[in-house]
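Below is one structure, written out as structure tokens, with a few remarks after it.
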Amino acid sequence: MEDKDNLITVNIDGHDLQVPAGTNMVEAAAMLRKEIPHYCYHPKLSIAGNCRMCLVELGMPGRDRATGEPMLNEDGSPKIMWMPGPAIACGTKAAPGMHIKTDSPKALESREAITEFLLINHPLDCPICDQAGECTLQEFSSKHGRGYSRFIEEKNVKPKRTRLGPRVTLDDERCVLCSRCIRFCDEIANDSVLGFTDRGSYSTLTCFPGKELANNYSLNTVDICPVGALTSTDFRFKMRVWFLTEINSIDFETSVGTNTVVSAREGKIYRVTPRRNDEVNDTWMTDSGRELYKIVEAEDRLTACSVAGEETAATEAIVKASETLRGGKTAIVGSGQCSVEEQFALKALAKSLDAVSVDLVARYGEDDGLLMSVDRNPNVRGALMTGLIDTLPEERLEDLGSKIDSGEVRTVLSVKEDLTEAGLSEEQLSKVDIVFLGTHRNATSEKADVVLAGLTQFEKSGTVINQQFRIQKFNRVVPGPRGCIEDLYALSTIAANFSDEKFPSTVGSIWKQLAGENSQFSELSFQSLSDQGQVLDGSAFEHLPFREGKSLHFEPKREAVAAE
Amino acid sequence: MSIVIKRKPLTLMEKLYLPEIARGLSTTFRKLWEKPVTLEYPEQRPTIPEGYRGVPTLVKDPEGREKCVSCQLCEFVCPPKAIRITPGSIPEDSDYAHVEKAPQEFDIDMLRCIYCGMCQEVCPEEAIWLQNQFSMSGYTRGEMVNNKEKLYELGGTLPDEHFKWRKKKESAEKGGGHH
């Protein structure tokens with residue numbers, strides 16, 4: 001987008017600004033840190049221009065009609081011909097010499113008038129509205145409103161508490177008819193189910209007859225709704241947004257690595273929302289990824305370490321795990337759900353244990369061309385980059401199964417993976433000693449001799465590498481349950497038990513070692529990694545047959561080659 | 001640094017001692033016949049002036065509807081963080097389904113409360129009031145936390161006649177002048 005040759009000069013409130021041709025004036029003003037208030041404009045959607053909130057004064061350098069010569073002021077500067085009426089900034093693309101005024105009396109008067117019109121039929125039920133606190137109508141009403149109502153007639157009545165779909169609730173009275181949700185469904189989700197019925201002040205947002213807003217991206221309409229018309233049924237009345245602490249995180253659902261913000265209050269997570277990253281997920285996120293926070297308080301959560309079914313302290317469990325692994329003939333089953341740091345520690349552990357084999361378990365699902373990729377492991381690329389594995393993982397651990405059958409493997413360390421689900425039989429599992437490090441109860445944790453209760457991605461920090469080989473970091477949102485132990489700490493402590501060297505056990509310290517050993521990571525550290533992530537060179541793994549389809553900002557390289 | 005304050009020398013009357021005793025006792029006897037300024041608390045109770053900031057309570061409107069809609073502004077504004085609300089939704093078959101939101105739990109920790117009245121000031125629904133009760137006691141810390149039930153018991157009914165939500169329901173039923 002940054003086309004240096006194609007910059008044009010516009011003038012906003014007297015400041016000259018160089019912008020790429022085609023930039024609309026809302027974005028241009030944002031470059032000068034001037035906010036032009038808007039409801040219907042959204043950077044990732046088409047321009048509708050129906051809220052009229054972004055009205056500004058607009059002028060172009062004048063030209064003499066007879067001669068076509070530029071008209072000049074007495075001092076030689078071009079004479080600006082201001083339009084008599086205001087124009088919408090979102091629908092105005094930058095043109096050479098264009099002048100706009102965002103805070104002239106006429107612009108301010110327009111905003112005040114629009115705000116008054118929007119508030120005429122607004123129910124003003126902020127005390128029971130979930131959007132309160134992050135509502136642009138609230139913000140702009142206090143900034144640009146007149147503070148009192150001149151409306152003495154009766155307000156419109158529209159449907160309230162309407163179920164629009166399984167996850168979205170609609171309150172039509174609050175709607176300002178910006179049509180962002182309609183455009184989102186049409187343009188991004190490709191599931192046209194929303195539309196306006198009736199005209200004028202009767203206009204009402206509804207689903208088409210017999211349809212409902214049920215696609216896996218429906219909750220994005222809630223995010224982009226500038227008011228409280230569309231609200232999340234899951235988050236409805238759970239917590240006011242001003243209490244929530246927002247922490248940047250990464251969605252662990254697929255290898256896309258959607259950037260997210262996780263909101264929590266006092267150790268309890270309330271919602272997950274997308275974070276803008278123009279290279280990964282724009283401003284969108286799947287609905288299924290937003291539900292992942294529920295694993296933190298799931299019923300089957302492991303809340304204490306145990307040895308042979310008996311609950312023990314984490315330190316004892318680690319000692320016992322080291323003893324079990326000392327038996328030799330150990331196979332390691334790692335996970336694409338682990339962070340890069342954990343995979344690095346696991347690799348060190350595999351080396352010092354002289355492990356028979358190191359496997360990962362692949363998870364595949366259907367992709368949707370947007371933010372759900374085929375690969376449902378968030379961090380298989382991390383395992384490749386750290387050198388934990390050098391081929392792509394299989395869905396079933398048949399190789400490991402035959403090694404157990406032949407007696408080649410006596411002990412299995414499984415990190416986060418359910419071995420039964422990965423294709424090992426009960427009989428095979430009973431032949432080996434199992435150390436399980438994971439977060440939830442499953443068939444493997446029931447069978448395991450030592451269970452180390454680990455932390456979910458919301459309770460620890462780390463990095464993951466997505467399908468573009470973009471390394472992105474996630475941060476701890478809430479503390480883990482009392483009996484749990486941080487996965488990285490558990491792995492490094494066990495690794496330290498098997499080697500003479502002290503192995504770092506925190507994310508920050510492990511990065512020093514990681515950067516030292518692996519040239520790919522040499523310029524990086526956890527602290528310096530930006531929230532937008534950084535693309536690493538994945539060319540060494542290009543020959544691997546990644547099963548990836550196209551997603552929002554990713555083109556599979558292999559298919560592209562074939563197409564050429 | 002020390003300051004030396006010189007004692008005033010006694011006057012003749014003071015030196016004589018007995019006149020001063022008599023003067024003191026005269027005050028005693030004079031006050032004995034006047035109306036006492038103290039109260040025999042707890043048998044006697046003071047009259048509470050209007051606008052007194054006593055224990056915060058929750059009130060209902062004359063219809064018996066709980067006025068609080070759990071907007072949590074009081075929880076937000078409370079300086080000592082004494083208020084704790086779990087918001088909830090009003091079921092759709094309720095008479096007040098149009099209000100949509102009501103507190104599931106509402107706790108005020110009276111060991112934390114500083115009786116500042118900010119909660120009353122901030123409440124958009126006039127649901128929380130600091131009324132005239134000033135004495136709270138209990139044997140445990142738990143007893144000193146007023147739950148929702150206790151708060152409504154303390155609060156009673158606010159005799160206001162806004163009926164804002166009833167009016168809203170009525171206008172919805174007759175179409176609000178439209179449709």
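All residue names refer to the structure tokens as shown: chains lettered A, B, ... in order, residues numbered from 1 in each chain, ligands numbered from 1 in order.
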For this session: Using only C-alpha atoms, find which residues of chain A lie within 8 Å of chain B and jot them down as a count of residues only.
Result: 12
Exercise. Any idea what's packed within 6 Å of Gly401 of chain A, counting only C-alpha atoms, ignoring anything in its chain fewer than 3 positions away? Could you give it as a VMD selection string?
Worked result: chain A and resid 398 404 424
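We find atom CA of Val478 of chain A and atom CA of Thr283 of chain A to be spaced 23.9 Å apart.
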Exercise. Which neighbours of segment 490-504 of chain A fall inside 12 Å, counting only C-alpha atoms, when residues of the same chain fewer than 4 positions from it are skipped, and could you give them as a PyMOL selection string?
Worked result: chain A and resi 305+314-328+332+334+338+341-354+413-415+435-438+451-455+484-486+508-514
For this session: Please identify all polymer residues within 8 Å of Met98 of chain A, counting only C-alpha atoms, omitting same-chain residues fewer than 2 positions from it, and present them as number ranges by chain.
Result: A: 9-11, 58-61, 94-96, 100
Exercise. Quick one: of B:Gly142, B:Pro62, B:Pro56, B:Pro42, who's nearest to Ile114 of chain B, counting only C-alpha atoms?
Worked result: B:Pro56
For this session: Identify, on the basis of only C-alpha atoms, every residue whose closest approach to Arg183 of chain A does not exceed 9 Å; exclude the query and any residue fewer than 3 positions from it along the same chain; express the result as a list in words.
Result: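 With the cut-off at 9 Å, the set is Leu45, Ser46, Ala48, Ser179, Arg180, Asp186, Glu187, Ile188, Ser192 and Leu194 of chain A.
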Exercise. What residues in segment 101-325 of chain A get the DSSP label helix (DSSP H, G or I)? Please answer as a count of residues only.
Worked result: 71
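Between atom CA of Gln138 of chain A and atom CA of Ser201 of chain A there is a distance of 20.1 Å.
Closest approach to His42 of chain A among A:Ile224, A:Ile434, A:Val361, A:Val307: A:Ile224, based on only C-alpha atoms.
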For this session: Write out as a list in words each polymer residue whose atoms come within 12 Å of Asp405 of chain A, counting only C-alpha atoms; drop sequence neighbours fewer than 4 positions from it.
Result: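 Near neighbours after the sequence-gap exclusion: Glu398, Asp399, Leu400, Gly401, Val409, Arg410, Leu424, Ser425, Glu426, Glu427, Gln428, Leu429, Ser430, Lys431 and Val432 of chain A.
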Suppose we keep C-alpha atoms; can you now write the selection as a PDB file, in the first residue's frame?
```
ATOM      1  CA  GLU A 398       1.309 -46.051  14.471  1.00  0.00           C
ATOM      2  CA  ASP A 399       5.093 -45.948  14.449  1.00  0.00           C
ATOM      3  CA  LEU A 400       5.182 -45.459  18.198  1.00  0.00           C
ATOM      4  CA  GLY A 401       2.614 -48.248  18.599  1.00  0.00           C
ATOM      5  CA  VAL A 409       9.886 -48.239  24.008  1.00  0.00           C
ATOM      6  CA  ARG A 410       9.272 -48.716  27.730  1.00  0.00           C
ATOM      7  CA  LEU A 424      -2.565 -46.295  20.689  1.00  0.00           C
ATOM      8  CA  SER A 425      -4.569 -49.179  22.139  1.00  0.00           C
ATOM      9  CA  GLU A 426      -5.263 -49.761  25.849  1.00  0.00           C
ATOM     10  CA  GLU A 427      -3.084 -52.805  25.677  1.00  0.00           C
ATOM     11  CA  GLN A 428      -0.152 -50.860  24.264  1.00  0.00           C
ATOM     12  CA  LEU A 429      -0.548 -48.182  26.928  1.00  0.00           C
ATOM     13  CA  SER A 430      -0.512 -50.717  29.736  1.00  0.00           C
ATOM     14  CA  LYS A 431       2.834 -52.013  28.482  1.00  0.00           C
ATOM     15  CA  VAL A 432       4.604 -48.717  29.109  1.00  0.00           C
TER      16      VAL A 432
END
```
Could you pull out the strand (DSSP E) residues of segment 235-268 of chain A from DSSP and send them as a PDB file with N, CA, C and O atoms, in the first residue's frame?
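So the final result, stored in part-v5.pdb, reads:
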```pdb
ATOM      1  N   THR A 245      -9.648  -6.316  32.317  1.00  0.00           N
ATOM      2  CA  THR A 245      -8.257  -6.083  31.955  1.00  0.00           C
ATOM      3  C   THR A 245      -8.024  -6.791  30.629  1.00  0.00           C
ATOM      4  O   THR A 245      -8.350  -7.957  30.499  1.00  0.00           O
ATOM      5  N   GLU A 246      -7.498  -6.083  29.649  1.00  0.00           N
ATOM      6  CA  GLU A 246      -7.355  -6.681  28.335  1.00  0.00           C
ATOM      7  C   GLU A 246      -5.897  -7.041  28.075  1.00  0.00           C
ATOM      8  O   GLU A 246      -5.014  -6.198  28.196  1.00  0.00           O
ATOM      9  N   ILE A 247      -5.673  -8.309  27.752  1.00  0.00           N
ATOM     10  CA  ILE A 247      -4.316  -8.809  27.534  1.00  0.00           C
ATOM     11  C   ILE A 247      -4.239  -9.367  26.116  1.00  0.00           C
ATOM     12  O   ILE A 247      -5.135 -10.086  25.673  1.00  0.00           O
ATOM     13  N   ASN A 248      -3.165  -9.045  25.427  1.00  0.00           N
ATOM     14  CA  ASN A 248      -2.980  -9.551  24.070  1.00  0.00           C
ATOM     15  C   ASN A 248      -2.621 -11.018  24.084  1.00  0.00           C
ATOM     16  O   ASN A 248      -1.771 -11.452  24.860  1.00  0.00           O
ATOM     17  N   SER A 249      -3.270 -11.758  23.202  1.00  0.00           N
ATOM     18  CA  SER A 249      -3.032 -13.187  23.161  1.00  0.00           C
ATOM     19  C   SER A 249      -3.142 -13.663  21.713  1.00  0.00           C
ATOM     20  O   SER A 249      -3.324 -12.860  20.790  1.00  0.00           O
ATOM     21  N   ILE A 250      -3.028 -14.969  21.546  1.00  0.00           N
ATOM     22  CA  ILE A 250      -3.126 -15.584  20.225  1.00  0.00           C
ATOM     23  C   ILE A 250      -4.147 -16.705  20.304  1.00  0.00           C
ATOM     24  O   ILE A 250      -4.210 -17.428  21.304  1.00  0.00           O
ATOM     25  N   ASN A 259      -4.868 -13.034  16.009  1.00  0.00           N
ATOM     26  CA  ASN A 259      -4.483 -12.197  17.142  1.00  0.00           C
ATOM     27  C   ASN A 259      -5.719 -11.872  17.965  1.00  0.00           C
ATOM     28  O   ASN A 259      -6.749 -11.496  17.413  1.00  0.00           O
ATOM     29  N   THR A 260      -5.609 -12.012  19.261  1.00  0.00           N
ATOM     30  CA  THR A 260      -6.792 -11.805  20.099  1.00  0.00           C
ATOM     31  C   THR A 260      -6.481 -10.909  21.283  1.00  0.00           C
ATOM     32  O   THR A 260      -5.328 -10.637  21.603  1.00  0.00           O
ATOM     33  N   VAL A 261      -7.551 -10.433  21.885  1.00  0.00           N
ATOM     34  CA  VAL A 261      -7.468  -9.740  23.164  1.00  0.00           C
ATOM     35  C   VAL A 261      -8.330 -10.541  24.123  1.00  0.00           C
ATOM     36  O   VAL A 261      -9.488 -10.823  23.831  1.00  0.00           O
ATOM     37  N   VAL A 262      -7.755 -10.936  25.242  1.00  0.00           N
ATOM     38  CA  VAL A 262      -8.524 -11.697  26.224  1.00  0.00           C
ATOM     39  C   VAL A 262      -8.837 -10.766  27.387  1.00  0.00           C
ATOM     40  O   VAL A 262      -7.960 -10.099  27.914  1.00  0.00           O
ATOM     41  N   SER A 263     -10.124 -10.692  27.736  1.00  0.00           N
ATOM     42  CA  SER A 263     -10.546  -9.782  28.790  1.00  0.00           C
ATOM     43  C   SER A 263     -10.876 -10.567  30.050  1.00  0.00           C
ATOM     44  O   SER A 263     -11.653 -11.515  30.012  1.00  0.00           O
ATOM     45  N   ALA A 264     -10.278 -10.153  31.138  1.00  0.00           N
ATOM     46  CA  ALA A 264     -10.491 -10.879  32.390  1.00  0.00           C
ATOM     47  C   ALA A 264     -10.658  -9.884  33.524  1.00  0.00           C
ATOM     48  O   ALA A 264     -10.242  -8.729  33.439  1.00  0.00           O
ATOM     49  N   ARG A 265     -11.313 -10.361  34.561  1.00  0.00           N
ATOM     50  CA  ARG A 265     -11.368  -9.569  35.779  1.00  0.00           C
ATOM     51  C   ARG A 265     -11.109 -10.496  36.955  1.00  0.00           C
ATOM     52  O   ARG A 265     -11.780 -11.509  37.097  1.00  0.00           O
ATOM     53  N   LYS A 268     -10.705 -14.270  36.353  1.00  0.00           N
ATOM     54  CA  LYS A 268     -11.739 -14.968  35.602  1.00  0.00           C
ATOM     55  C   LYS A 268     -11.830 -14.330  34.211  1.00  0.00           C
ATOM     56  O   LYS A 268     -11.920 -13.113  34.098  1.00  0.00           O
TER      57      LYS A 268
END
```
Problem set entry | Surrounding residues of segment 211-215 of chain A excluding itself and chain neighbours under 6 positions, 10 Å, only C-alpha atoms, as a PyMOL selection string | chain A and resi 163-169+185+189-194+221+286-287
